[in-house]
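A short worksheet on the structure shown next.
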Amino acid sequence: MTTLALPPTAITAFGATDEQVGLLRFLQPVPFLGLALLIGVWTDRLRRRPLMLAANLVRMSLLGLVPVLYWLDALTLGLLLGLLLGVACAVGVASVVFDVSWMSYVPVLVRGREHYVEASAKLSMSSSAADVAGPGVAGALISAVSAPVALVVNAFSYAVSVVSLLLIRSPEPRPETTVRRDALAELREGLGWVFGRPVLRALALVGFCCNFSMITVWTMFLLYGTRDLRLDPATLGVVFATASVGGLVGAMLSGRIIRRFPLGRVYLVAQTALLLGPVLIVAAGGPRPVMVGMFVLSFFTTYLGLGVAGVIIVSLRQASTPQALMGRMTAVFRTLLFGGGALGGLAAGLLAGWLGAHGALTVAAASACVVAGLPVSPVIRVRELPAVPETV
């Protein structure tokens with residue numbers, strides 16, 4: 001809901017330009033560029049659930065603040081837009097803490113390498129179900145009432161998450177205390193672990209390219225659909241929600257597919273589908289229902305590939321890393337993945353302002369078809385999950 005509600009709030013309530021919408025999309029994930037690595041060091045020293053609870057309380061408060069101030073006319077239009085950009089950045093910081101923590105927390109709850117694919121598939125199904133419901137609900141709320149109201153409902157969704165985390169009863173052991181080391185040395189250790197292993201290095205670099213492509217296309221399509229095609233928020237919500245069914249289907253089928261075929265081969269096919277999906281947006285034409293149908297098919301294909309590939313990627317990362325390095329490994333990946341997303345959002349705004357939304361989409365689709373290294377990646381030669389390392 002945040003992803004779909006924040007840009008329309010900026011456009012309709014605050015009159016944001018294409019470049020400002022691109023800046024907004026840039027500020028949401030940009031904290032991953034500068035903070036994720038340090039937060040990864042921090043999370044390897046602490047229990048993860050309290051960090052997740054604090055992060056969601058912060059996100060709930062900040063997202064609820066924007067519509068309240070807007071309705072009270074407490075600030076000028078310029079200051080409100082500045083506040084919206086600041087909230088986007090602060091929510092991004094809280095998201096860094098949460099994302100690095102939850103991926104490191106899962107192996108604490110799930111014991112045994114043989115359960116990693118199942119756990120990753122179930123978490124991916126949960127995430128995909130949210131992708132299906134969130135944009136649809138946000139689009140309906142924006143059409144029925146306003147974009148700020150969608151942010152209020154979204155703030156309550158974080159309250160639900162806080163309650164859910166409080167219901168977890170499994171004990172989380174305190175990280176083992178070792179000789180105190182400086183953060184820079186621990187940071188280098190995490191970077192060395194990821195980039196010193198061919199499979200993890202390849203996953204990280206291709207992930208950066210894929211996230212850059214996906215966020216670029218997503219942001220430019222939002223501008224293209226809103227401004228050029230005059231699609232209403234409800235239609236955009238239906239496009240994203242229906243397309244996200246692909247992610248749910250991919251996550252549901254991933255376990256069965258992985259059991260039948262080698263991991264690497266499935267990864268290659270899934271990533272190819274992810275990258276070729278945007279071509280359908282550029283090729284869309286004809287009557288409006290046909291065009292919208294092609295948009296849905298494009299996002300369905302992209303998310304279908306993401307649903308399958310995501311399960312493989314997360315399982316490989318968790319199976320290849322000892323618990324003592326899980327936070328730092330996750331932080332390196334989040335830095336690259338969301339860093340790619342941040343740069344993609346910024347590039348989308350700049351390209352759309354320069355070439356127009358459709359021209360920018362054409363450039364993005366063409367560049368998405370070529371991801372250096374995917375056909376020769378060592379990941380495609382992996383047949384099954386490796387044994388989990390016990391020590392660094």
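Going by the structure tokens order, chains are called A, B, ..., each with residues numbered from 1, while ligands are numbered from 1 in the order shown.
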
- [ ] Give me the residues within 7 Å of region 296-310 of chain A as number ranges by chain, counting only C-alpha atoms and dropping any in the same chain fewer than 2 places off.
- [x] A: 124, 239, 242-251, 254, 267, 270-271, 273-275, 277-278, 280-281, 292-294, 312-314

Open item on the list: So, with only C-alpha atoms as the atoms that count, which of A:Ala119, A:Val217, A:Leu263, A:Asn154 lies closest to Leu65 (chain A)?
Closed with: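 Checking each of A:Ala119, A:Val217, A:Leu263, A:Asn154 against Leu65 (chain A), counting only C-alpha atoms, the winner is A:Asn154.
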
Task: For Phe240 (chain A), the nearest of the candidates A:Val269, A:Ala130, A:Cys209, A:Leu187, counting only C-alpha atoms - done: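 Selected residue with least distance to Phe240 (chain A): A:Ala130.
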
Could you give me, as JSON lines, every region 184-220 of chain A residue with an atom at most 12 Å from region 37-57 of chain A, plus its closest atom pair and distance in Å to one decimal, counting only C-alpha atoms, rows ordered by chain then number?
{"residue": "A:Leu184", "atom": "CA", "partner": "A:Leu38", "partner_atom": "CA", "distance": 8.4}
{"residue": "A:Ala185", "atom": "CA", "partner": "A:Val41", "partner_atom": "CA", "distance": 9.6}
{"residue": "A:Glu186", "atom": "CA", "partner": "A:Val41", "partner_atom": "CA", "distance": 6.4}
{"residue": "A:Leu187", "atom": "CA", "partner": "A:Val41", "partner_atom": "CA", "distance": 6.2}
{"residue": "A:Arg188", "atom": "CA", "partner": "A:Leu37", "partner_atom": "CA", "distance": 9.4}
{"residue": "A:Glu189", "atom": "CA", "partner": "A:Val41", "partner_atom": "CA", "distance": 9.7}
{"residue": "A:Gly190", "atom": "CA", "partner": "A:Val41", "partner_atom": "CA", "distance": 8.2}
{"residue": "A:Leu191", "atom": "CA", "partner": "A:Leu37", "partner_atom": "CA", "distance": 8.7}

Open item on the list: Here is a test: counting only C-alpha atoms, which residue of A:Val108, A:Met103, A:Val149, A:Val238 is nearest to Gly134 (chain A)?
Closed with: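 Among the listed residues, the smallest separation from Gly134 (chain A) belongs to A:Val238.
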
TODO: Would you please extract all helix (DSSP H, G or I) residues from region 167-283 of chain A, as assigned by DSSP on the backbone, and give them as a VMD selection string?
DONE: chain A and resid 183 to 195 198 to 228 233 to 260 263 to 276 279 to 283

Can you write out the residues you just picked, keeping C-alpha atoms, as a PDB file, in the first residue's frame?
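Written out: part.pdb:
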ATOM      1  CA  ALA A 183      32.489  -2.153  13.210  1.00  0.00           C
ATOM      2  CA  LEU A 184      34.670  -1.553  10.161  1.00  0.00           C
ATOM      3  CA  ALA A 185      36.424  -4.909  10.576  1.00  0.00           C
ATOM      4  CA  GLU A 186      33.096  -6.710  10.946  1.00  0.00           C
ATOM      5  CA  LEU A 187      31.733  -4.862   7.932  1.00  0.00           C
ATOM      6  CA  ARG A 188      34.712  -5.956   5.824  1.00  0.00           C
ATOM      7  CA  GLU A 189      34.163  -9.513   7.014  1.00  0.00           C
ATOM      8  CA  GLY A 190      30.572  -9.447   5.751  1.00  0.00           C
ATOM      9  CA  LEU A 191      31.568  -7.980   2.407  1.00  0.00           C
ATOM     10  CA  GLY A 192      34.353 -10.519   2.054  1.00  0.00           C
ATOM     11  CA  TRP A 193      31.971 -13.387   2.764  1.00  0.00           C
ATOM     12  CA  VAL A 194      29.569 -12.361  -0.012  1.00  0.00           C
ATOM     13  CA  PHE A 195      32.029 -11.248  -2.686  1.00  0.00           C
ATOM     14  CA  PRO A 198      31.179 -17.096  -6.534  1.00  0.00           C
ATOM     15  CA  VAL A 199      27.539 -18.083  -6.023  1.00  0.00           C
ATOM     16  CA  LEU A 200      26.771 -15.340  -3.494  1.00  0.00           C
ATOM     17  CA  ARG A 201      28.652 -12.774  -5.590  1.00  0.00           C
ATOM     18  CA  ALA A 202      26.691 -13.675  -8.720  1.00  0.00           C
ATOM     19  CA  LEU A 203      23.364 -13.572  -6.860  1.00  0.00           C
ATOM     20  CA  ALA A 204      24.209 -10.129  -5.485  1.00  0.00           C
ATOM     21  CA  LEU A 205      25.247  -8.555  -8.793  1.00  0.00           C
ATOM     22  CA  VAL A 206      22.375  -9.956 -10.855  1.00  0.00           C
ATOM     23  CA  GLY A 207      19.991  -8.965  -8.061  1.00  0.00           C
ATOM     24  CA  PHE A 208      21.212  -5.359  -8.310  1.00  0.00           C
ATOM     25  CA  CYS A 209      20.507  -5.324 -12.067  1.00  0.00           C
ATOM     26  CA  CYS A 210      17.069  -6.904 -11.676  1.00  0.00           C
ATOM     27  CA  ASN A 211      15.968  -4.490  -8.946  1.00  0.00           C
ATOM     28  CA  PHE A 212      17.181  -1.507 -10.952  1.00  0.00           C
ATOM     29  CA  SER A 213      15.140  -2.727 -13.918  1.00  0.00           C
ATOM     30  CA  MET A 214      11.988  -3.546 -11.932  1.00  0.00           C
ATOM     31  CA  ILE A 215      11.809  -0.253 -10.003  1.00  0.00           C
ATOM     32  CA  THR A 216      12.617   1.772 -13.115  1.00  0.00           C
ATOM     33  CA  VAL A 217       9.809   0.089 -15.039  1.00  0.00           C
ATOM     34  CA  TRP A 218       7.383   0.262 -12.100  1.00  0.00           C
ATOM     35  CA  THR A 219       7.896   4.011 -11.557  1.00  0.00           C
ATOM     36  CA  MET A 220       7.774   4.915 -15.258  1.00  0.00           C
ATOM     37  CA  PHE A 221       4.664   2.786 -15.769  1.00  0.00           C
ATOM     38  CA  LEU A 222       2.972   4.626 -12.900  1.00  0.00           C
ATOM     39  CA  LEU A 223       3.777   7.954 -14.593  1.00  0.00           C
ATOM     40  CA  TYR A 224       2.786   6.597 -18.030  1.00  0.00           C
ATOM     41  CA  GLY A 225      -0.502   5.168 -16.783  1.00  0.00           C
ATOM     42  CA  THR A 226      -1.412   8.201 -14.660  1.00  0.00           C
ATOM     43  CA  ARG A 227      -0.439  11.045 -16.974  1.00  0.00           C
ATOM     44  CA  ASP A 228      -0.348   9.697 -20.542  1.00  0.00           C
ATOM     45  CA  PRO A 233      -6.127   4.705  -9.453  1.00  0.00           C
ATOM     46  CA  ALA A 234      -8.553   1.785  -9.244  1.00  0.00           C
ATOM     47  CA  THR A 235      -7.414   0.483 -12.650  1.00  0.00           C
ATOM     48  CA  LEU A 236      -3.762   0.863 -11.675  1.00  0.00           C
ATOM     49  CA  GLY A 237      -4.499  -0.996  -8.460  1.00  0.00           C
ATOM     50  CA  VAL A 238      -6.161  -3.810 -10.417  1.00  0.00           C
ATOM     51  CA  VAL A 239      -3.167  -4.015 -12.789  1.00  0.00           C
ATOM     52  CA  PHE A 240      -0.678  -4.324  -9.936  1.00  0.00           C
ATOM     53  CA  ALA A 241      -2.873  -6.581  -7.797  1.00  0.00           C
ATOM     54  CA  THR A 242      -3.799  -8.960 -10.623  1.00  0.00           C
ATOM     55  CA  ALA A 243      -0.227  -9.025 -11.881  1.00  0.00           C
ATOM     56  CA  SER A 244       1.057  -9.811  -8.399  1.00  0.00           C
ATOM     57  CA  VAL A 245      -0.907 -13.040  -8.531  1.00  0.00           C
ATOM     58  CA  GLY A 246       2.062 -14.163 -10.615  1.00  0.00           C
ATOM     59  CA  GLY A 247       4.303 -13.815  -7.579  1.00  0.00           C
ATOM     60  CA  LEU A 248       1.871 -15.827  -5.482  1.00  0.00           C
ATOM     61  CA  VAL A 249       1.623 -18.533  -8.141  1.00  0.00           C
ATOM     62  CA  GLY A 250       5.414 -18.616  -8.492  1.00  0.00           C
ATOM     63  CA  ALA A 251       5.926 -18.959  -4.754  1.00  0.00           C
ATOM     64  CA  MET A 252       3.289 -21.698  -4.506  1.00  0.00           C
ATOM     65  CA  LEU A 253       4.828 -23.707  -7.356  1.00  0.00           C
ATOM     66  CA  SER A 254       8.470 -23.069  -6.436  1.00  0.00           C
ATOM     67  CA  GLY A 255       8.858 -25.965  -4.000  1.00  0.00           C
ATOM     68  CA  ARG A 256       7.428 -28.493  -6.441  1.00  0.00           C
ATOM     69  CA  ILE A 257       9.515 -27.161  -9.333  1.00  0.00           C
ATOM     70  CA  ILE A 258      12.719 -27.107  -7.276  1.00  0.00           C
ATOM     71  CA  ARG A 259      12.201 -30.705  -6.175  1.00  0.00           C
ATOM     72  CA  ARG A 260      11.820 -31.789  -9.803  1.00  0.00           C
ATOM     73  CA  LEU A 263      18.130 -25.301  -8.715  1.00  0.00           C
ATOM     74  CA  GLY A 264      20.350 -23.521 -11.235  1.00  0.00           C
ATOM     75  CA  ARG A 265      18.218 -24.362 -14.247  1.00  0.00           C
ATOM     76  CA  VAL A 266      15.054 -23.128 -12.505  1.00  0.00           C
ATOM     77  CA  TYR A 267      16.856 -19.943 -11.467  1.00  0.00           C
ATOM     78  CA  LEU A 268      17.896 -19.181 -15.057  1.00  0.00           C
ATOM     79  CA  VAL A 269      14.382 -19.625 -16.472  1.00  0.00           C
ATOM     80  CA  ALA A 270      12.764 -17.623 -13.655  1.00  0.00           C
ATOM     81  CA  GLN A 271      15.194 -14.704 -13.951  1.00  0.00           C
ATOM     82  CA  THR A 272      14.746 -14.630 -17.730  1.00  0.00           C
ATOM     83  CA  ALA A 273      10.962 -14.344 -17.316  1.00  0.00           C
ATOM     84  CA  LEU A 274      11.480 -11.545 -14.788  1.00  0.00           C
ATOM     85  CA  LEU A 275      13.618  -9.533 -17.179  1.00  0.00           C
ATOM     86  CA  LEU A 276      11.533 -10.063 -20.331  1.00  0.00           C
ATOM     87  CA  VAL A 279       8.806  -5.793 -23.117  1.00  0.00           C
ATOM     88  CA  LEU A 280       5.047  -6.455 -23.045  1.00  0.00           C
ATOM     89  CA  ILE A 281       4.356  -2.972 -21.633  1.00  0.00           C
ATOM     90  CA  VAL A 282       6.088  -1.291 -24.565  1.00  0.00           C
ATOM     91  CA  ALA A 283       4.354  -3.598 -27.050  1.00  0.00           C
TER      92      ALA A 283
END

Open item on the list: Just to confirm, what's the straight-line distance from CA of Trp71 (chain A) to CA of Ala88 (chain A) in Å (one decimal)?
Closed with: 18.6 Å

TODO: Work out how far apart CA of Ala159 (chain A) and CA of Ser101 (chain A) are and give it in Å to one decimal.
DONE: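 A separation of 17.9 Å between them.
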
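Going from CA of His115 (chain A) to CA of Ser315 (chain A) covers 9.2 Å.
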
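For the residues A:Pro173, A:Ser104, A:Val91, A:Met60, ranking by smallest atom-to-atom distance to Ser161 (chain A) using only C-alpha atoms places A:Met60 first.
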
Task: Nearest candidate to Phe295 (chain A) (options A:Ala364, A:Leu355, A:Leu231, A:Val106; using only C-alpha atoms) - done: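 Among the listed residues, A:Leu231 lies closest to Phe295 (chain A).
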